[in-house]
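S.K.: For reference, this is target10.csv, and it has CSV, C-alpha atoms.
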```
chain,number,residue,atom,x,y,z
Q,1,MET,CA,137.4,87.7,71.6
Q,2,SER,CA,137.0,87.4,67.8
Q,3,LEU,CA,139.7,85.8,65.7
Q,4,ARG,CA,142.5,88.2,64.9
Q,5,ARG,CA,143.9,87.8,61.4
Q,6,VAL,CA,147.1,89.1,60.0
Q,7,LEU,CA,148.7,88.6,56.5
Q,8,ILE,CA,152.5,88.6,56.3
Q,9,ALA,CA,154.1,88.8,52.8
Q,10,GLY,CA,157.9,88.5,52.2
Q,11,GLU,CA,160.7,87.2,54.3
Q,12,SER,CA,161.9,84.6,51.8
Q,13,TRP,CA,164.7,84.2,49.4
Q,14,THR,CA,166.5,81.8,47.1
Q,15,VAL,CA,170.3,81.6,46.8
Q,16,HIS,CA,171.8,80.2,43.6
Q,17,SER,CA,175.5,79.4,44.1
Q,18,ILE,CA,178.3,78.6,41.6
Q,19,HIS,CA,181.0,76.3,43.0
Q,20,GLN,CA,184.1,76.6,40.9
Q,21,LYS,CA,186.8,73.9,41.5
Q,22,GLY,CA,189.6,74.4,39.0
Q,23,PHE,CA,188.4,73.6,35.5
Q,24,ASP,CA,185.0,72.3,36.8
Q,25,SER,CA,182.0,73.9,38.4
Q,26,PHE,CA,178.5,73.0,39.6
Q,27,THR,CA,175.6,74.9,41.0
Q,28,THR,CA,173.4,74.6,44.1
Q,29,THR,CA,170.2,76.3,45.0
Q,30,GLU,CA,168.9,76.9,48.5
Q,31,TYR,CA,165.5,78.3,49.6
Q,32,ALA,CA,165.1,80.0,53.0
Q,33,GLU,CA,162.5,81.9,55.0
Q,34,GLY,CA,163.1,84.4,57.8
Q,35,VAL,CA,159.5,84.7,59.1
Q,36,ARG,CA,159.6,82.2,61.9
Q,37,TRP,CA,160.4,84.6,64.8
Q,38,LEU,CA,157.7,87.1,63.8
Q,39,ARG,CA,155.1,84.4,63.0
Q,40,ASP,CA,155.8,82.5,66.2
Q,41,ALA,CA,155.5,85.6,68.3
Q,42,LEU,CA,152.1,86.6,66.8
Q,43,GLU,CA,150.7,83.1,67.0
Q,44,ALA,CA,151.8,82.7,70.6
Q,45,ASP,CA,149.5,85.7,71.4
Q,46,GLY,CA,146.5,84.4,69.6
Q,47,TRP,CA,146.9,85.8,66.1
Q,48,SER,CA,145.9,83.8,63.1
Q,49,VAL,CA,148.8,84.2,60.7
Q,50,THR,CA,148.5,83.8,56.9
Q,51,TYR,CA,152.0,83.8,55.4
Q,52,GLN,CA,152.9,84.4,51.8
Q,53,PRO,CA,156.6,84.0,50.8
Q,54,ALA,CA,157.7,86.5,48.2
Q,55,HIS,CA,157.3,84.1,45.3
Q,56,VAL,CA,153.8,83.2,46.4
Q,57,ALA,CA,152.8,86.8,47.1
Q,58,ALA,CA,153.8,87.6,43.5
Q,59,ARG,CA,150.8,85.7,42.3
Q,60,ASP,CA,148.4,85.3,45.3
Q,61,PHE,CA,148.7,88.6,47.3
Q,62,PRO,CA,145.1,90.1,47.4
Q,63,ALA,CA,144.4,92.5,44.6
Q,64,THR,CA,141.6,94.6,46.1
Q,65,PRO,CA,140.9,96.5,49.4
Q,66,GLU,CA,137.8,94.2,49.8
Q,67,ALA,CA,140.0,91.1,49.7
Q,68,LEU,CA,142.5,92.6,52.1
Q,69,ALA,CA,139.6,93.4,54.5
Q,70,GLU,CA,139.6,89.7,55.5
Q,71,TYR,CA,142.6,90.7,57.6
Q,72,ASP,CA,142.9,93.0,60.6
Q,73,CYS,CA,146.5,93.9,59.7
Q,74,VAL,CA,148.8,93.4,56.7
Q,75,ILE,CA,152.6,93.2,57.1
Q,76,LEU,CA,155.2,93.7,54.3
Q,77,SER,CA,158.6,92.5,55.3
Q,78,ASP,CA,161.6,92.4,53.0
Q,79,ILE,CA,159.6,92.3,49.8
Q,80,GLY,CA,160.1,94.8,47.0
Q,81,ALA,CA,157.4,96.9,45.3
Q,82,ASN,CA,158.0,95.1,42.0
Q,83,THR,CA,156.9,91.8,43.4
Q,84,LEU,CA,153.5,93.3,44.1
Q,85,LEU,CA,153.3,95.5,41.0
Q,86,LEU,CA,154.4,92.9,38.5
Q,87,HIS,CA,152.0,90.0,38.8
Q,88,PRO,CA,153.2,87.1,36.6
Q,89,ASP,CA,150.2,87.6,34.3
Q,90,THR,CA,151.1,91.3,33.8
Q,91,PHE,CA,154.8,90.8,33.4
Q,92,SER,CA,154.7,87.7,31.1
Q,93,ARG,CA,151.3,88.2,29.4
Q,94,SER,CA,150.7,91.9,29.5
Q,95,LYS,CA,147.4,91.4,31.3
Q,96,VAL,CA,145.8,94.4,32.9
Q,97,LEU,CA,145.3,93.8,36.6
Q,98,PRO,CA,144.7,96.0,39.7
Q,99,ASN,CA,147.6,97.8,41.3
Q,100,ARG,CA,148.2,96.0,44.6
Q,101,LEU,CA,150.0,98.9,46.2
Q,102,HIS,CA,146.8,101.0,45.6
Q,103,ALA,CA,144.8,98.1,47.2
Q,104,ILE,CA,146.9,98.3,50.4
Q,105,ARG,CA,146.6,102.1,50.6
Q,106,ASP,CA,142.9,102.0,50.1
Q,107,TYR,CA,142.5,99.1,52.6
Q,108,VAL,CA,144.2,101.2,55.2
Q,109,ALA,CA,142.2,104.3,54.4
Q,110,ALA,CA,139.0,102.2,54.9
Q,111,GLY,CA,140.1,101.2,58.4
Q,112,GLY,CA,142.7,98.4,57.9
Q,113,GLY,CA,146.0,98.1,59.8
Q,114,PHE,CA,149.4,98.1,58.0
Q,115,VAL,CA,153.0,97.5,59.2
Q,116,MET,CA,156.1,97.8,57.0
Q,117,VAL,CA,159.2,96.0,58.4
Q,118,GLY,CA,162.6,97.1,57.3
Q,119,GLY,CA,165.1,95.1,55.3
Q,120,TYR,CA,167.1,95.0,52.1
Q,121,LEU,CA,163.9,95.2,50.0
Q,122,THR,CA,161.5,97.2,52.0
Q,123,PHE,CA,161.3,101.0,52.3
Q,124,GLN,CA,164.0,101.7,49.7
Q,125,GLY,CA,166.6,99.1,50.7
Q,126,ILE,CA,169.8,98.1,49.0
Q,127,GLU,CA,170.5,100.1,45.8
Q,128,ALA,CA,167.0,101.6,46.3
Q,129,LYS,CA,165.6,98.3,44.8
Q,130,GLY,CA,162.7,98.2,47.3
Q,131,GLN,CA,161.2,101.1,45.2
Q,132,TYR,CA,158.5,102.2,47.6
Q,133,ALA,CA,159.4,105.9,47.6
Q,134,GLY,CA,156.7,107.9,45.8
Q,135,THR,CA,154.2,105.0,45.7
Q,136,ALA,CA,150.8,104.5,47.3
Q,137,ILE,CA,152.5,102.6,50.1
Q,138,GLU,CA,154.4,105.8,51.1
Q,139,GLU,CA,151.1,107.6,51.1
Q,140,ALA,CA,149.7,105.1,53.7
Q,141,LEU,CA,152.9,105.0,55.8
Q,142,PRO,CA,153.5,107.5,58.7
Q,143,VAL,CA,157.0,108.2,57.2
Q,144,THR,CA,158.6,109.7,54.1
Q,145,LEU,CA,161.2,107.7,52.2
Q,146,PHE,CA,164.5,108.8,50.6
Q,147,HIS,CA,164.9,108.3,46.9
Q,148,ARG,CA,168.2,106.4,47.4
Q,149,ASP,CA,169.7,103.4,49.1
Q,150,ASP,CA,168.4,104.1,52.6
Q,151,ARG,CA,170.4,101.4,54.6
Q,152,VAL,CA,172.3,102.4,57.7
Q,153,GLU,CA,174.6,99.4,58.4
Q,154,CYS,CA,175.8,99.2,62.0
Q,155,PRO,CA,178.1,96.1,62.4
Q,156,GLN,CA,179.2,97.5,65.7
Q,157,GLY,CA,175.6,97.3,67.0
Q,158,VAL,CA,173.3,100.1,67.8
Q,159,LEU,CA,170.8,100.3,70.7
Q,160,PRO,CA,167.2,101.2,70.1
Q,161,LYS,CA,165.8,103.9,72.4
Q,162,VAL,CA,162.2,104.3,73.5
Q,163,VAL,CA,161.1,107.9,73.3
Q,164,ALA,CA,157.4,107.5,73.8
Q,165,SER,CA,157.1,105.0,76.6
Q,166,GLU,CA,153.4,105.7,77.0
Q,167,HIS,CA,152.6,104.5,73.5
Q,168,PRO,CA,150.7,101.1,73.5
Q,169,ILE,CA,153.2,99.6,71.1
Q,170,VAL,CA,155.9,99.7,73.7
Q,171,ALA,CA,153.9,99.5,76.9
Q,172,GLY,CA,155.5,97.4,79.6
Q,173,LEU,CA,158.6,96.5,77.6
Q,174,ASP,CA,161.9,96.4,79.5
Q,175,THR,CA,164.8,98.7,78.6
Q,176,PRO,CA,167.5,98.7,77.4
Q,177,TRP,CA,166.6,96.8,74.3
Q,178,PRO,CA,169.1,94.5,72.6
Q,179,ALA,CA,171.3,96.0,69.8
Q,180,LEU,CA,170.4,95.9,66.1
Q,181,LEU,CA,172.9,95.7,63.3
Q,182,GLY,CA,171.3,98.1,60.9
Q,183,TYR,CA,168.1,99.7,59.7
Q,184,ASN,CA,166.5,101.7,56.9
Q,185,GLN,CA,166.7,105.5,57.3
Q,186,ILE,CA,163.2,107.0,57.3
Q,187,ALA,CA,161.7,110.4,58.3
Q,188,ALA,CA,158.5,110.8,60.3
Q,189,LYS,CA,155.7,112.7,58.7
Q,190,PRO,CA,154.2,115.7,60.5
Q,191,GLY,CA,151.7,114.5,63.1
Q,192,ALA,CA,153.1,111.0,63.3
Q,193,SER,CA,154.3,109.5,66.6
Q,194,VAL,CA,158.0,108.6,66.8
Q,195,VAL,CA,157.8,105.7,69.4
Q,196,ALA,CA,161.4,104.6,69.3
Q,197,THR,CA,164.7,105.7,67.7
Q,198,VAL,CA,167.9,104.0,66.6
Q,199,GLY,CA,171.0,106.0,66.2
Q,200,ALA,CA,169.9,109.5,65.1
Q,201,ASP,CA,166.8,108.1,63.2
Q,202,PRO,CA,163.3,106.8,63.8
Q,203,LEU,CA,163.0,103.1,64.5
Q,204,ILE,CA,159.2,102.9,65.2
Q,205,VAL,CA,156.8,105.5,63.8
Q,206,ALA,CA,153.0,105.2,64.2
Q,207,GLY,CA,150.3,107.2,62.6
Q,208,GLY,CA,146.8,107.3,61.1
Q,209,PHE,CA,145.8,107.2,57.5
Q,210,GLY,CA,142.1,107.7,56.7
Q,211,LYS,CA,140.2,105.5,59.0
Q,212,GLY,CA,143.1,103.1,59.5
Q,213,ARG,CA,146.5,103.0,61.1
Q,214,SER,CA,150.0,102.2,59.9
Q,215,VAL,CA,153.4,101.6,61.5
Q,216,ALA,CA,156.9,101.7,60.1
Q,217,PHE,CA,159.5,99.5,61.9
Q,218,ALA,CA,162.8,100.5,60.3
Q,219,SER,CA,164.9,97.4,61.1
Q,220,ASP,CA,164.4,93.7,60.6
Q,221,CYS,CA,162.2,91.2,62.3
Q,222,GLY,CA,164.9,88.6,62.2
Q,223,PRO,CA,168.6,88.1,61.4
Q,224,HIS,CA,170.7,89.6,60.0
Q,225,TRP,CA,169.8,93.1,61.3
Q,226,ALA,CA,167.9,91.6,64.3
Q,227,PRO,CA,170.5,89.2,65.7
Q,228,PRO,CA,169.8,86.4,68.2
Q,229,PRO,CA,169.9,88.6,71.3
Q,230,PHE,CA,167.1,90.7,69.8
Q,231,VAL,CA,164.9,87.8,68.5
Q,232,ASP,CA,165.4,85.9,71.7
Q,233,TRP,CA,164.7,89.0,73.9
Q,234,SER,CA,161.7,88.6,76.3
Q,235,GLY,CA,160.2,91.7,74.9
Q,236,TYR,CA,160.3,90.6,71.2
Q,237,GLY,CA,156.9,88.8,71.3
Q,238,PRO,CA,155.1,91.6,73.2
Q,239,LEU,CA,156.6,94.2,70.9
Q,240,TRP,CA,155.3,92.6,67.7
Q,241,SER,CA,151.9,91.7,69.1
Q,242,GLN,CA,151.3,95.1,70.5
Q,243,MET,CA,152.5,96.8,67.3
Q,244,VAL,CA,150.2,94.7,65.1
Q,245,GLY,CA,147.4,95.1,67.6
Q,246,TRP,CA,147.8,98.8,67.6
Q,247,ALA,CA,147.8,99.0,63.8
Q,248,ALA,CA,144.7,96.8,63.8
Q,249,GLY,CA,142.9,99.4,66.1
Q,250,GLU,CA,142.9,97.4,69.3
Q,251,LYS,CA,144.2,100.2,71.5
```
Would you mind writing the structure in this file as structure tokens?
M.R.:
Amino acid sequence: MSLRRVLIAGESWTVHSIHQKGFDSFTTTEYAEGVRWLRDALEADGWSVTYQPAHVAARDFPATPEALAEYDCVILSDIGANTLLLHPDTFSRSKVLPNRLHAIRDYVAAGGGFVMVGGYLTFQGIEAKGQYAGTAIEEALPVTLFHRDDRVECPQGVLPKVVASEHPIVAGLDTPWPALLGYNQIAAKPGASVVATVGADPLIVAGGFGKGRSVAFASDCGPHWAPPPFVDWSGYGPLWSQMVGWAAGEK
């Protein structure tokens, strides 16, 4: 079998805290990544994973469909559209550069695989700051997005439900699945396949775009929306490997 390559962008953040102690204060900064569960699951099934944290993707994410064609699948997870639209050379130096959202769309149309994973800064996200509605990414996705904050918070837990058990993405996975703590609300486009639901909304939607395939996974690939029972679930690894494999055209 030839080497299977996937690019993951996002799943990182920096927290800058102010500690106020009476008259005095000081600050601390912490950097963190949430990719390990997804990356480990894919690597365990033989995928070669290239990972770009959000601050790295801002500069280094491929700018053309030809550059993206190095990968069988591209995953965006919890990374806003602005990070890809506003390359530092464009934002700080007004340099004209390719639109990387267009590059992803055209890469999929030419036969590439694409997966968008939910979170506070994908789809629309918190305060609609993900900003993917109306973009080339929405064109390539099998779902339409709401022009608003699309989060559905479920602190009580909500159980995913497989509605297309014959689909290769969920083949052989045990049910019931562990509960999730929230998701982005999305709507399947006509002709797309709703593979699983959560609450009253789609969780996994799969479809074709041009010569390629795309998948929307409306919840998270790790905490906080995907708590330890979900990321430790025996079906977690097969789910992600089958999802990425399907998007890449394996089945």
S.K.: List as a list in words the protein and nucleic acid residues near stretch 117-121 of chain Q, meaning an atom at most 6 Å away when only C-alpha atoms are counted, but skip any in the same chain fewer than 3 places from it.
M.R.: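 My reading of the contact set: Ser77, Asp78, Ile79, Gly80, Gly125, Ile126, Gly130, Phe217, Ala218, Ser219 and Asp220 of chain Q.
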S.K.: Q:Ala206, Q:Ile137, Q:Val108, Q:Ala187: which is nearest Q:Asp150, counting all atoms listed in the file?
M.R.: Q:Ala187
S.K.: Between Q:Ala109, Q:Leu42, Q:Ala188, Q:Ala103, single out the one closest to Q:Gly208, counting all atoms listed in the file.
M.R.: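 The answer is Q:Ala109, which sits nearest to Q:Gly208.
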S.K.: In Å, how far is it from atom CA of Q:Val163 to atom CA of Q:Pro142?
M.R.: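 Atom-to-atom, atom CA of Q:Val163 to atom CA of Q:Pro142, that is 16.5 Å.
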S.K.: In Å, how far is it from atom CA of Q:Arg100 to atom CA of Q:Ser214?
M.R.: 16.6 Å
S.K.: Grab the atom CA of Q:Ala133 to atom CA of Q:Cys221 distance for me, in Å with one decimal place.
M.R.: 21.0 Å
S.K.: Using only C-alpha atoms, which of the listed residues (Q:Tyr107, Q:Phe91, Q:Phe23, Q:Phe230) sits closest to Q:Asp72?
M.R.: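 Smallest distance to Q:Asp72 is found for Q:Tyr107.
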S.K.: Please determine, counting only C-alpha atoms, which residue among Q:Val158, Q:Ile104, Q:Leu180, Q:Ala226 has the shortest atom-to-atom distance to Q:Ala69.
M.R.: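 Looking at the shortest contact to Q:Ala69, the residue is Q:Ile104.
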S.K.: For Q:Ile186, which of Q:Ile75, Q:Leu3, Q:Val231, Q:Val215 is the closest residue, counting all atoms listed in the file?
M.R.: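 Of all the options, Q:Val215 lies closest to Q:Ile186.
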S.K.: Counting only C-alpha atoms, which residue out of Q:Pro227, Q:Gly235, Q:Gly111, Q:Pro160 sits closest to Q:Ile204?
M.R.: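 That would be Q:Pro160, the residue with the smallest distance to Q:Ile204.
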S.K.: List the spatial neighbours of Q:Asp40 as a count of residues only - criterion: any atom at most 12 Å away, all atoms listed in the file, same-chain residues fewer than 4 positions off excluded.
M.R.: 20
S.K.: Which residues are close to Q:Glu139, i.e. within 9 Å by only C-alpha atoms, leaving aside same-chain residues fewer than 4 positions away? Reply as a PyMOL selection string.
M.R.: chain Q and resi 105+134-135+143-144+209
S.K.: Counting all atoms listed in the file, find the residues whose atoms lie at most 7 Å from (169.3, 83.7, 51.8) (file coordinates) and write them out as a ChimeraX atom specification.
M.R.: /Q:13-15,31-32
S.K.: Take the residues just selected and output them with C-alpha atoms as a PDB file, in the coordinates of the input.
M.R.:
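That gives us selection35.pdb:
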```pdb
ATOM      1  CA  TRP Q  13     164.700  84.200  49.400  1.00  0.00           C
ATOM      2  CA  THR Q  14     166.500  81.800  47.100  1.00  0.00           C
ATOM      3  CA  VAL Q  15     170.300  81.600  46.800  1.00  0.00           C
ATOM      4  CA  TYR Q  31     165.500  78.300  49.600  1.00  0.00           C
ATOM      5  CA  ALA Q  32     165.100  80.000  53.000  1.00  0.00           C
TER       6      ALA Q  32
END
```
S.K.: Mind checking which residues fall within 9 Å of Q:Leu85, counting all atoms listed in the file, ignoring those fewer than 6 positions away in the same chain, and posting them as a PyMOL selection string?
M.R.: chain Q and resi 58+98-101
